[in-house]
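Peer 1: Supplied structure: entry-v8.cif, mmCIF, C-alpha atoms and all ligand atoms.
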data_structure
loop_
_atom_site.group_PDB
_atom_site.id
_atom_site.type_symbol
_atom_site.label_atom_id
_atom_site.label_comp_id
_atom_site.auth_asym_id
_atom_site.auth_seq_id
_atom_site.Cartn_x
_atom_site.Cartn_y
_atom_site.Cartn_z
ATOM 1 C CA MET A 22 0.000 0.000 0.000
ATOM 2 C CA LEU A 23 1.111 3.550 -0.769
ATOM 3 C CA GLU A 24 0.525 6.011 2.013
ATOM 4 C CA THR A 25 1.436 9.675 2.054
ATOM 5 C CA ARG A 26 1.159 11.518 5.330
ATOM 6 C CA ASN A 27 0.999 15.303 5.533
ATOM 7 C CA LEU A 28 2.954 15.798 2.334
ATOM 8 C CA SER A 29 3.729 19.445 1.615
ATOM 9 C CA VAL A 30 5.645 21.058 -1.245
ATOM 10 C CA PHE A 31 6.728 24.675 -1.564
ATOM 11 C CA TYR A 32 8.028 26.401 -4.676
ATOM 12 C CA GLY A 33 9.945 29.229 -3.035
ATOM 13 C CA ARG A 34 7.309 30.817 -0.820
ATOM 14 C CA HIS A 35 4.416 29.411 -2.836
ATOM 15 C CA ARG A 36 2.738 26.454 -1.165
ATOM 16 C CA ALA A 37 1.652 24.116 -3.996
ATOM 17 C CA VAL A 38 0.743 21.073 -1.856
ATOM 18 C CA GLU A 39 -0.285 21.245 1.801
ATOM 19 C CA ASP A 40 -0.531 18.331 4.234
ATOM 20 C CA VAL A 41 -1.786 15.848 1.667
ATOM 21 C CA SER A 42 -2.470 12.393 3.109
ATOM 22 C CA VAL A 43 -3.705 9.711 0.723
ATOM 23 C CA THR A 44 -3.652 5.930 0.543
ATOM 24 C CA VAL A 45 -3.691 3.605 -2.460
ATOM 25 C CA SER A 46 -3.942 -0.145 -1.925
ATOM 26 C CA LYS A 47 -2.946 -2.869 -4.358
ATOM 27 C CA GLY A 48 -5.670 -3.628 -6.878
ATOM 28 C CA GLU A 49 -7.414 -0.329 -6.181
ATOM 29 C CA VAL A 50 -8.004 2.626 -8.513
ATOM 30 C CA VAL A 51 -7.891 5.959 -6.726
ATOM 31 C CA VAL A 52 -8.613 9.138 -8.635
ATOM 32 C CA MET A 53 -7.406 12.605 -7.665
ATOM 33 C CA LEU A 54 -9.572 15.338 -9.147
ATOM 34 C CA GLY A 55 -8.716 19.010 -9.105
ATOM 35 C CA ALA A 56 -8.829 22.183 -11.148
ATOM 36 C CA ASN A 57 -5.818 23.513 -13.052
ATOM 37 C CA CYS A 58 -3.010 24.464 -10.665
ATOM 38 C CA ALA A 59 -4.590 22.589 -7.739
ATOM 39 C CA GLY A 60 -1.229 20.879 -7.197
ATOM 40 C CA LYS A 61 -1.974 17.453 -8.682
ATOM 41 C CA SER A 62 1.185 17.146 -10.810
ATOM 42 C CA THR A 63 3.289 18.542 -7.983
ATOM 43 C CA PHE A 64 1.891 15.889 -5.648
ATOM 44 C CA LEU A 65 2.725 13.048 -8.070
ATOM 45 C CA ARG A 66 6.211 14.479 -8.629
ATOM 46 C CA ALA A 67 6.724 14.713 -4.860
ATOM 47 C CA VAL A 68 5.753 11.052 -4.359
ATOM 48 C CA SER A 69 8.119 10.121 -7.219
ATOM 49 C CA GLY A 70 11.066 11.928 -5.632
ATOM 50 C CA LEU A 71 11.216 14.438 -8.500
ATOM 51 C CA THR A 72 10.267 17.412 -6.299
ATOM 52 C CA PRO A 73 11.551 17.871 -2.735
ATOM 53 C CA VAL A 74 9.002 17.619 0.078
ATOM 54 C CA MET A 75 8.951 19.541 3.355
ATOM 55 C CA THR A 76 10.231 17.932 6.545
ATOM 56 C CA GLY A 77 7.377 16.395 8.517
ATOM 57 C CA GLY A 78 5.633 14.736 5.594
ATOM 58 C CA SER A 79 6.235 11.157 4.556
ATOM 59 C CA VAL A 80 5.822 8.683 1.702
ATOM 60 C CA VAL A 81 5.498 5.074 2.835
ATOM 61 C CA LEU A 82 5.242 2.052 0.552
ATOM 62 C CA ASP A 83 4.291 -1.282 2.097
ATOM 63 C CA GLY A 84 5.460 -0.046 5.481
ATOM 64 C CA ARG A 85 8.806 1.197 4.163
ATOM 65 C CA ASP A 86 9.554 4.913 4.475
ATOM 66 C CA ILE A 87 10.793 6.188 1.097
ATOM 67 C CA THR A 88 10.479 9.922 1.818
ATOM 68 C CA HIS A 89 13.288 11.960 0.208
ATOM 69 C CA HIS A 90 14.455 8.961 -1.823
ATOM 70 C CA PRO A 91 15.735 9.851 -5.313
ATOM 71 C CA PRO A 92 13.471 9.021 -8.285
ATOM 72 C CA HIS A 93 15.359 5.848 -9.313
ATOM 73 C CA ALA A 94 15.045 4.471 -5.767
ATOM 74 C CA VAL A 95 11.306 5.209 -5.755
ATOM 75 C CA VAL A 96 10.950 3.189 -8.992
ATOM 76 C CA GLU A 97 13.040 0.400 -7.449
ATOM 77 C CA ALA A 98 10.716 0.424 -4.445
ATOM 78 C CA GLY A 99 7.752 -0.186 -6.775
ATOM 79 C CA ILE A 100 6.184 3.155 -7.749
ATOM 80 C CA ALA A 101 6.050 4.095 -11.444
ATOM 81 C CA LEU A 102 4.896 7.462 -12.819
ATOM 82 C CA VAL A 103 3.471 8.105 -16.283
ATOM 83 C CA PRO A 104 4.064 11.853 -16.581
ATOM 84 C CA GLU A 105 1.701 14.274 -18.284
ATOM 85 C CA ASP A 106 3.980 14.635 -21.319
ATOM 86 C CA ARG A 107 4.270 10.800 -21.459
ATOM 87 C CA GLY A 108 8.076 10.985 -21.704
ATOM 88 C CA VAL A 109 8.281 8.433 -24.516
ATOM 89 C CA PHE A 110 11.295 8.326 -26.834
ATOM 90 C CA GLY A 111 9.840 9.310 -30.209
ATOM 91 C CA ASP A 112 12.743 8.064 -32.319
ATOM 92 C CA LEU A 113 12.690 4.586 -30.788
ATOM 93 C CA THR A 114 10.224 1.807 -31.575
ATOM 94 C CA ALA A 115 7.417 0.802 -29.223
ATOM 95 C CA HIS A 116 9.399 -2.329 -28.316
ATOM 96 C CA GLU A 117 12.574 -0.359 -27.538
ATOM 97 C CA ASN A 118 10.581 2.019 -25.315
ATOM 98 C CA LEU A 119 9.092 -0.917 -23.430
ATOM 99 C CA ILE A 120 12.479 -2.546 -22.879
ATOM 100 C CA LEU A 121 13.848 0.724 -21.437
ATOM 101 C CA GLY A 122 11.136 0.466 -18.785
ATOM 102 C CA ALA A 123 12.615 -2.843 -17.615
ATOM 103 C CA HIS A 124 15.871 -1.209 -16.505
ATOM 104 C CA PRO A 125 15.191 -1.192 -12.724
ATOM 105 C CA ARG A 126 16.860 -4.080 -10.879
ATOM 106 C CA ARG A 127 13.475 -5.251 -9.569
ATOM 107 C CA ALA A 128 12.287 -5.819 -13.146
ATOM 108 C CA ARG A 129 15.369 -7.053 -15.027
ATOM 109 C CA PRO A 130 15.126 -10.749 -14.144
ATOM 110 C CA HIS A 131 11.448 -10.828 -15.190
ATOM 111 C CA GLN A 132 11.722 -8.864 -18.426
ATOM 112 C CA ALA A 133 10.275 -11.572 -20.676
ATOM 113 C CA GLN A 134 7.252 -12.264 -18.437
ATOM 114 C CA ASN A 135 6.616 -8.547 -17.926
ATOM 115 C CA LEU A 136 6.752 -7.956 -21.667
ATOM 116 C CA ASP A 137 4.225 -10.759 -22.250
ATOM 117 C CA ARG A 138 1.965 -9.272 -19.588
ATOM 118 C CA VAL A 139 2.188 -5.746 -21.065
ATOM 119 C CA LEU A 140 1.506 -7.005 -24.585
ATOM 120 C CA SER A 141 -1.507 -8.944 -23.393
ATOM 121 C CA LEU A 142 -2.787 -5.849 -21.543
ATOM 122 C CA PHE A 143 -2.263 -3.714 -24.651
ATOM 123 C CA PRO A 144 -2.706 -6.021 -27.667
ATOM 124 C CA LYS A 145 -2.297 -3.063 -30.024
ATOM 125 C CA LEU A 146 1.295 -2.672 -28.863
ATOM 126 C CA ALA A 147 1.963 -6.257 -29.902
ATOM 127 C CA GLU A 148 0.839 -5.430 -33.455
ATOM 128 C CA ARG A 149 2.875 -2.213 -33.455
ATOM 129 C CA ARG A 150 6.030 -3.326 -31.685
ATOM 130 C CA LYS A 151 8.319 -2.292 -34.515
ATOM 131 C CA GLN A 152 6.673 1.068 -35.176
ATOM 132 C CA VAL A 153 8.649 4.242 -34.411
ATOM 133 C CA VAL A 154 6.751 5.905 -31.570
ATOM 134 C CA ARG A 155 6.567 9.415 -33.035
ATOM 135 C CA THR A 156 4.525 8.007 -35.942
ATOM 136 C CA MET A 157 1.920 6.563 -33.540
ATOM 137 C CA SER A 158 -1.366 8.232 -32.572
ATOM 138 C CA GLY A 159 -1.669 10.028 -29.217
ATOM 139 C CA GLY A 160 -3.627 7.123 -27.783
ATOM 140 C CA GLU A 161 -1.062 4.577 -28.922
ATOM 141 C CA GLN A 162 1.768 6.693 -27.503
ATOM 142 C CA GLN A 163 -0.089 6.830 -24.189
ATOM 143 C CA MET A 164 -0.297 3.004 -24.234
ATOM 144 C CA VAL A 165 3.478 2.877 -24.847
ATOM 145 C CA ALA A 166 4.021 5.208 -21.875
ATOM 146 C CA ILE A 167 1.809 3.103 -19.598
ATOM 147 C CA GLY A 168 3.317 -0.128 -20.941
ATOM 148 C CA ARG A 169 6.821 1.180 -20.273
ATOM 149 C CA ALA A 170 5.866 2.079 -16.683
ATOM 150 C CA MET A 171 4.383 -1.416 -16.264
ATOM 151 C CA MET A 172 7.680 -2.948 -17.442
ATOM 152 C CA SER A 173 9.237 -1.779 -14.148
ATOM 153 C CA ALA A 174 6.832 -4.214 -12.394
ATOM 154 C CA PRO A 175 5.350 -1.543 -10.124
ATOM 155 C CA SER A 176 3.036 -2.251 -7.232
ATOM 156 C CA ILE A 177 1.679 1.309 -7.614
ATOM 157 C CA LEU A 178 1.163 2.998 -10.994
ATOM 158 C CA MET A 179 0.606 6.768 -10.983
ATOM 159 C CA LEU A 180 -0.691 8.554 -14.075
ATOM 160 C CA ASP A 181 -0.837 12.309 -14.678
ATOM 161 C CA GLU A 182 -3.850 13.164 -16.843
ATOM 162 C CA PRO A 183 -3.418 10.271 -19.279
ATOM 163 C CA SER A 184 -6.602 11.143 -21.186
ATOM 164 C CA LEU A 185 -5.394 14.651 -22.058
ATOM 165 C CA GLY A 186 -5.656 15.311 -25.786
ATOM 166 C CA LEU A 187 -7.210 11.933 -26.625
ATOM 167 C CA SER A 188 -10.382 11.569 -28.690
ATOM 168 C CA PRO A 189 -13.479 10.246 -26.845
ATOM 169 C CA LEU A 190 -12.970 6.853 -28.470
ATOM 170 C CA LEU A 191 -9.315 6.627 -27.404
ATOM 171 C CA CYS A 192 -10.250 7.862 -23.910
ATOM 172 C CA SER A 193 -12.676 4.973 -23.516
ATOM 173 C CA GLU A 194 -9.987 2.568 -24.734
ATOM 174 C CA LEU A 195 -7.515 4.037 -22.231
ATOM 175 C CA PHE A 196 -9.879 3.711 -19.258
ATOM 176 C CA ARG A 197 -10.701 0.121 -20.263
ATOM 177 C CA ALA A 198 -6.956 -0.601 -20.363
ATOM 178 C CA LEU A 199 -6.513 0.889 -16.866
ATOM 179 C CA ALA A 200 -9.326 -1.314 -15.570
ATOM 180 C CA ARG A 201 -7.367 -4.312 -16.950
ATOM 181 C CA VAL A 202 -4.178 -3.084 -15.221
ATOM 182 C CA LYS A 203 -6.106 -2.919 -11.920
ATOM 183 C CA GLU A 204 -7.142 -6.544 -12.373
ATOM 184 C CA THR A 205 -3.463 -7.546 -12.326
ATOM 185 C CA GLY A 206 -3.325 -6.352 -8.697
ATOM 186 C CA VAL A 207 -1.481 -3.083 -9.316
ATOM 187 C CA GLY A 208 -2.732 -0.064 -7.327
ATOM 188 C CA ILE A 209 -3.489 2.930 -9.544
ATOM 189 C CA LEU A 210 -3.370 6.601 -8.575
ATOM 190 C CA LEU A 211 -4.961 8.517 -11.382
ATOM 191 C CA VAL A 212 -4.823 12.297 -11.660
ATOM 192 C CA GLU A 213 -7.553 13.366 -14.040
ATOM 193 C CA GLN A 214 -9.770 16.160 -15.237
ATOM 194 C CA ASN A 215 -11.988 13.635 -17.014
ATOM 195 C CA ALA A 216 -14.048 13.072 -13.877
ATOM 196 C CA LYS A 217 -16.808 11.051 -15.470
ATOM 197 C CA GLN A 218 -14.715 8.251 -16.949
ATOM 198 C CA SER A 219 -12.139 8.194 -14.161
ATOM 199 C CA LEU A 220 -14.798 7.958 -11.416
ATOM 200 C CA ALA A 221 -16.474 5.187 -13.420
ATOM 201 C CA ILE A 222 -13.406 2.925 -13.053
ATOM 202 C CA ALA A 223 -12.261 4.206 -9.628
ATOM 203 C CA ASP A 224 -12.891 2.708 -6.216
ATOM 204 C CA ARG A 225 -12.228 5.908 -4.288
ATOM 205 C CA GLY A 226 -11.287 9.494 -4.961
ATOM 206 C CA TYR A 227 -9.892 12.701 -3.509
ATOM 207 C CA LEU A 228 -10.616 16.306 -4.427
ATOM 208 C CA LEU A 229 -7.540 18.492 -4.381
ATOM 209 C CA ASP A 230 -8.339 22.161 -3.998
ATOM 210 C CA ASN A 231 -5.621 24.786 -3.877
ATOM 211 C CA GLY A 232 -3.048 22.274 -2.649
ATOM 212 C CA HIS A 233 -5.086 20.543 0.042
ATOM 213 C CA ILE A 234 -7.555 17.657 0.191
ATOM 214 C CA ALA A 235 -11.061 19.131 0.155
ATOM 215 C CA ALA A 236 -12.935 15.816 0.029
ATOM 216 C CA ALA A 237 -12.253 12.089 0.151
ATOM 217 C CA ASP A 238 -14.900 9.465 -0.518
ATOM 218 C CA SER A 239 -15.892 6.427 -2.530
ATOM 219 C CA ALA A 240 -16.035 7.031 -6.291
ATOM 220 C CA GLU A 241 -19.757 6.375 -6.173
ATOM 221 C CA ALA A 242 -20.371 9.000 -3.483
ATOM 222 C CA LEU A 243 -18.166 11.531 -5.299
ATOM 223 C CA SER A 244 -20.128 10.980 -8.530
ATOM 224 C CA ARG A 245 -23.307 11.955 -6.637
ATOM 225 C CA ASP A 246 -21.702 14.897 -4.784
ATOM 226 C CA GLU A 247 -23.247 18.221 -5.887
ATOM 227 C CA LYS A 248 -19.906 20.084 -5.721
ATOM 228 C CA VAL A 249 -18.209 17.438 -7.870
ATOM 229 C CA LYS A 250 -21.132 17.408 -10.288
ATOM 230 C CA ARG A 251 -20.989 21.187 -10.693
ATOM 231 C CA ALA A 252 -17.215 21.461 -10.979
ATOM 232 C CA TYR A 253 -16.282 18.314 -12.869
ATOM 233 C CA LEU A 254 -19.315 16.599 -14.326
ATOM 234 C CA GLY A 255 -20.810 19.512 -16.220
ATOM 235 C CA ALA A 256 -23.969 19.742 -14.091
ATOM 236 C CA GLY A 257 -25.822 22.960 -13.280
HETATM 237 P P1 LIG B 301 -2.660 21.201 -14.172
HETATM 238 O O1 LIG B 301 -3.918 20.421 -14.145
HETATM 239 O O2 LIG B 301 -2.827 22.538 -14.840
HETATM 240 O O3 LIG B 301 -1.456 20.438 -14.616
HETATM 241 P P2 LIG B 301 -1.935 20.787 -11.392
HETATM 242 O O4 LIG B 301 -3.078 20.582 -10.465
HETATM 243 O O5 LIG B 301 -1.181 19.590 -11.829
HETATM 244 O O6 LIG B 301 -2.412 21.645 -12.626
HETATM 245 P P3 LIG B 301 0.621 21.826 -10.565
HETATM 246 O O7 LIG B 301 1.229 21.732 -11.912
HETATM 247 O O8 LIG B 301 1.044 20.863 -9.538
HETATM 248 O O9 LIG B 301 -0.977 21.796 -10.659
HETATM 249 O O10 LIG B 301 0.879 23.298 -10.030
HETATM 250 C C1 LIG B 301 0.484 23.724 -8.715
HETATM 251 C C2 LIG B 301 0.986 25.139 -8.474
HETATM 252 O O11 LIG B 301 2.422 25.143 -8.367
HETATM 253 C C3 LIG B 301 0.645 26.114 -9.589
HETATM 254 O O12 LIG B 301 0.330 27.347 -9.000
HETATM 255 C C4 LIG B 301 1.917 26.186 -10.402
HETATM 256 O O13 LIG B 301 2.027 27.431 -11.039
HETATM 257 C C5 LIG B 301 2.996 25.996 -9.360
HETATM 258 N N1 LIG B 301 4.192 25.335 -9.908
HETATM 259 C C6 LIG B 301 4.227 24.137 -10.523
HETATM 260 N N2 LIG B 301 5.488 23.800 -10.875
HETATM 261 C C7 LIG B 301 6.276 24.835 -10.445
HETATM 262 C C8 LIG B 301 7.683 25.110 -10.494
HETATM 263 N N3 LIG B 301 8.550 24.228 -11.024
HETATM 264 N N4 LIG B 301 8.132 26.260 -9.966
HETATM 265 C C9 LIG B 301 7.265 27.148 -9.392
HETATM 266 N N5 LIG B 301 5.932 26.958 -9.301
HETATM 267 C C10 LIG B 301 5.444 25.824 -9.824
#
Represent the structure of the file as structure tokens.

Peer 2:
Amino acid sequence: MLETRNLSVFYGRHRAVEDVSVTVSKGEVVVMLGANCAGKSTFLRAVSGLTPVMTGGSVVLDGRDITHHPPHAVVEAGIALVPEDRGVFGDLTAHENLILGAHPRRARPHQAQNLDRVLSLFPKLAERRKQVVRTMSGGEQQMVAIGRAMMSAPSILMLDEPSLGLSPLLCSELFRALARVKETGVGILLVEQNAKQSLAIADRGYLLDNGHIAAADSAEALSRDEKVKRAYLGAG
């Protein structure tokens, strides 16, 4: 289980994330909703060790404190991030991108099995293994990015707005793929603005408002919440 306790991040004197405590269990999809600049990306970067966190907060994975660990050690511990810009290598093939994801020591001995698992989760990648990534559609590139993260054999997969820029059809495909990833027992922390589809596959969710948690509930309860409906589901 991933657990953050009172995680805070400052950029200079600007407080971007304040006392954020969340949990994500294995096999669970947790969505974090929030407006632009709410601090969602900063929070994911802080968990990943890419942005320093304030003393007093902690990141714990399966009982092990990994606060202030560098990004490579966080991946080794079992947390993989798919960043908002996907971070794929456009000049390499889909297969080469996937293999790069297997670099962490935890994943190297199981590269062949992990590759089989990723290709069965994303059958399209199997068809397109030899294709250069920059010639792929946005949706396919997103699958490469998620597949690469899965090659590190994470116990927690974090995704920063994976549906951004995808057509409605590709969005549905993406959320179906994430539901399949959940079934493998991986815990998913999903930062999204697409509240409708993310809540539909999520077990629980948090609302991040101006850097702090404004609400935490089951996905079902959040879908019925008037504030969520108004702000994220296009009601009223
Ligand atoms: P979006 O949905 O637009 O990506 P977000 O919820 O992910 O927004 P963040 O990107 O985490 O929000 O930004 C939170 C706040 O921190 C914003 O006010 C932003 O301007 C600020 N911020 C983010 N990165 C930096 C940085 N490297 N230096 C200074 N301020 C930053």

Peer 1: Let me make sure I understand: among A:Cys58, A:Ala236, A:Cys192, A:Ala123, which one has the smallest atom-to-atom distance to ligand LIG 301 (chain B) if we use only C-alpha atoms and all ligand atoms?

Peer 2: A:Cys58

Peer 1: Have a look at atom CA of Leu254 of chain A and atom CA of Arg26 of chain A and let me know their distance in Å, one decimal.

Peer 2: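 Going from atom CA of Leu254 of chain A over to atom CA of Arg26 of chain A, I get 28.8 Å.
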
Peer 1: Provide the atom CA of Val153 of chain A to atom CA of Leu113 of chain A distance in Å, to one decimal place.

Peer 2: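 So the answer is 5.4 Å.
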
Peer 1: Check what the PyMOL selection byres (((not hetatm)) within 7 of (chain B and resi 301)) selects in the file above and give those residues as a CSV table (one decimal) with C-alpha atoms, keeping the file's coordinate frame.

Peer 2:
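New file out_6.csv:
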chain,number,residue,atom,x,y,z
A,32,TYR,CA,8.0,26.4,-4.7
A,37,ALA,CA,1.7,24.1,-4.0
A,55,GLY,CA,-8.7,19.0,-9.1
A,56,ALA,CA,-8.8,22.2,-11.1
A,57,ASN,CA,-5.8,23.5,-13.1
A,58,CYS,CA,-3.0,24.5,-10.7
A,59,ALA,CA,-4.6,22.6,-7.7
A,60,GLY,CA,-1.2,20.9,-7.2
A,61,LYS,CA,-2.0,17.5,-8.7
A,62,SER,CA,1.2,17.1,-10.8
A,63,THR,CA,3.3,18.5,-8.0
A,64,PHE,CA,1.9,15.9,-5.6

Peer 1: Give the padded box for segment 89-92 of chain A as lines of an AutoDock Vina configuration file: axis-aligned, covering all atoms listed in the file, 5 Å on each side, centre and edge lengths in Å to one decimal.

Peer 2:
center_x = 14.5
center_y = 10.5
center_z = -4.0
size_x = 12.4
size_y = 13.0
size_z = 18.5

Peer 1: If I take atom CA of Gly70 of chain A and atom CA of Val41 of chain A, how far is one from the other in Å, to one decimal?

Peer 2: 15.3 Å

Peer 1: In terms of the shortest atom-to-atom distance over only C-alpha atoms, which of A:Leu185, A:Ala174, A:Val202, A:Leu243 is closest to Ser141 of chain A?

Peer 2: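 Once distances to Ser141 of chain A are computed over only C-alpha atoms, the minimum belongs to A:Val202.
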
Peer 1: Please identify all polymer residues within 9 Å of segment 91-108 of chain A, counting all atoms listed in the file, omitting same-chain residues fewer than 5 positions from it, and present them as a PDB file with C-alpha atoms, in the coordinates of the input.

Peer 2:
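As a result, selection_2.pdb now contains:
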ATOM      1  CA  LEU A  23       1.111   3.550  -0.769  1.00  0.00           C
ATOM      2  CA  SER A  62       1.185  17.146 -10.810  1.00  0.00           C
ATOM      3  CA  LEU A  65       2.725  13.048  -8.070  1.00  0.00           C
ATOM      4  CA  ARG A  66       6.211  14.479  -8.629  1.00  0.00           C
ATOM      5  CA  VAL A  68       5.753  11.052  -4.359  1.00  0.00           C
ATOM      6  CA  SER A  69       8.119  10.121  -7.219  1.00  0.00           C
ATOM      7  CA  GLY A  70      11.066  11.928  -5.632  1.00  0.00           C
ATOM      8  CA  LEU A  71      11.216  14.438  -8.500  1.00  0.00           C
ATOM      9  CA  LEU A  82       5.242   2.052   0.552  1.00  0.00           C
ATOM     10  CA  ARG A  85       8.806   1.197   4.163  1.00  0.00           C
ATOM     11  CA  PRO A 125      15.191  -1.192 -12.724  1.00  0.00           C
ATOM     12  CA  ARG A 126      16.860  -4.080 -10.879  1.00  0.00           C
ATOM     13  CA  ARG A 127      13.475  -5.251  -9.569  1.00  0.00           C
ATOM     14  CA  ALA A 128      12.287  -5.819 -13.146  1.00  0.00           C
ATOM     15  CA  GLN A 162       1.768   6.693 -27.503  1.00  0.00           C
ATOM     16  CA  GLN A 163      -0.089   6.830 -24.189  1.00  0.00           C
ATOM     17  CA  VAL A 165       3.478   2.877 -24.847  1.00  0.00           C
ATOM     18  CA  ALA A 166       4.021   5.208 -21.875  1.00  0.00           C
ATOM     19  CA  ILE A 167       1.809   3.103 -19.598  1.00  0.00           C
ATOM     20  CA  ARG A 169       6.821   1.180 -20.273  1.00  0.00           C
ATOM     21  CA  ALA A 170       5.866   2.079 -16.683  1.00  0.00           C
ATOM     22  CA  MET A 171       4.383  -1.416 -16.264  1.00  0.00           C
ATOM     23  CA  SER A 173       9.237  -1.779 -14.148  1.00  0.00           C
ATOM     24  CA  ALA A 174       6.832  -4.214 -12.394  1.00  0.00           C
ATOM     25  CA  PRO A 175       5.350  -1.543 -10.124  1.00  0.00           C
ATOM     26  CA  SER A 176       3.036  -2.251  -7.232  1.00  0.00           C
ATOM     27  CA  ILE A 177       1.679   1.309  -7.614  1.00  0.00           C
ATOM     28  CA  LEU A 178       1.163   2.998 -10.994  1.00  0.00           C
ATOM     29  CA  MET A 179       0.606   6.768 -10.983  1.00  0.00           C
ATOM     30  CA  LEU A 180      -0.691   8.554 -14.075  1.00  0.00           C
ATOM     31  CA  ASP A 181      -0.837  12.309 -14.678  1.00  0.00           C
ATOM     32  CA  GLU A 182      -3.850  13.164 -16.843  1.00  0.00           C
ATOM     33  CA  PRO A 183      -3.418  10.271 -19.279  1.00  0.00           C
ATOM     34  CA  LEU A 185      -5.394  14.651 -22.058  1.00  0.00           C
TER      35      LEU A 185
END

Peer 1: Check the smallest atom-to-atom distance from each of A:His233, A:Met157, A:Gly168, A:Val80 to Leu199 of chain A using all atoms listed in the file, then report the winner.

Peer 2: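 The answer is A:Gly168, which sits nearest to Leu199 of chain A.
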
Peer 1: A:Lys47, A:Lys203, A:Arg155, A:Lys248: which is nearest Ala235 of chain A, counting all atoms listed in the file?

Peer 2: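 Comparing A:Lys47, A:Lys203, A:Arg155, A:Lys248 against Ala235 of chain A, the winner is A:Lys248.
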
Peer 1: Pick from A:Phe196, A:Tyr253, A:Tyr227, A:Phe110: nearest to Gly160 of chain A, with all atoms listed in the file counted?

Peer 2: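 Between A:Phe196, A:Tyr253, A:Tyr227, A:Phe110, the residue approaching Gly160 of chain A most closely is A:Phe196.
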
Peer 1: Return the single residue from A:Asn118, A:Thr72, A:Ser219, A:Asn135 that is closest to Thr88 of chain A, with distances computed using all atoms listed in the file.

Peer 2: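 Answer, going by the shortest atom-to-atom distance: A:Thr72.
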
Peer 1: Would you mind putting all heavy atoms back on segment 220-224 of chain A and writing the result as a CSV table (one decimal), keeping the file's coordinate frame?

Peer 2:
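And here is the file that came out, part-v2.csv:
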chain,number,residue,atom,x,y,z
A,220,LEU,N,-14.0,8.4,-12.6
A,220,LEU,CA,-14.8,8.0,-11.4
A,220,LEU,C,-15.5,6.6,-11.7
A,220,LEU,O,-15.7,5.8,-10.8
A,220,LEU,CB,-15.8,9.0,-11.0
A,220,LEU,CG,-15.3,10.2,-10.2
A,220,LEU,CD1,-16.3,11.3,-10.1
A,220,LEU,CD2,-14.8,9.8,-8.9
A,221,ALA,N,-15.8,6.4,-13.0
A,221,ALA,CA,-16.5,5.2,-13.4
A,221,ALA,C,-15.6,4.0,-13.2
A,221,ALA,O,-16.1,2.9,-12.9
A,221,ALA,CB,-16.9,5.3,-14.9
A,222,ILE,N,-14.3,4.1,-13.3
A,222,ILE,CA,-13.4,2.9,-13.1
A,222,ILE,C,-12.8,2.9,-11.7
A,222,ILE,O,-12.1,2.0,-11.3
A,222,ILE,CB,-12.3,2.8,-14.1
A,222,ILE,CG1,-11.3,3.9,-14.1
A,222,ILE,CG2,-12.8,2.6,-15.5
A,222,ILE,CD1,-9.9,3.6,-14.6
A,223,ALA,N,-13.0,4.1,-10.9
A,223,ALA,CA,-12.3,4.2,-9.6
A,223,ALA,C,-13.0,3.6,-8.5
A,223,ALA,O,-14.3,3.4,-8.5
A,223,ALA,CB,-12.0,5.7,-9.3
A,224,ASP,N,-12.3,3.2,-7.4
A,224,ASP,CA,-12.9,2.7,-6.2
A,224,ASP,C,-13.1,3.9,-5.3
A,224,ASP,O,-14.2,4.0,-4.7
A,224,ASP,CB,-12.0,1.7,-5.5
A,224,ASP,CG,-11.7,0.5,-6.4
A,224,ASP,OD1,-12.7,-0.3,-6.6
A,224,ASP,OD2,-10.6,0.3,-6.9
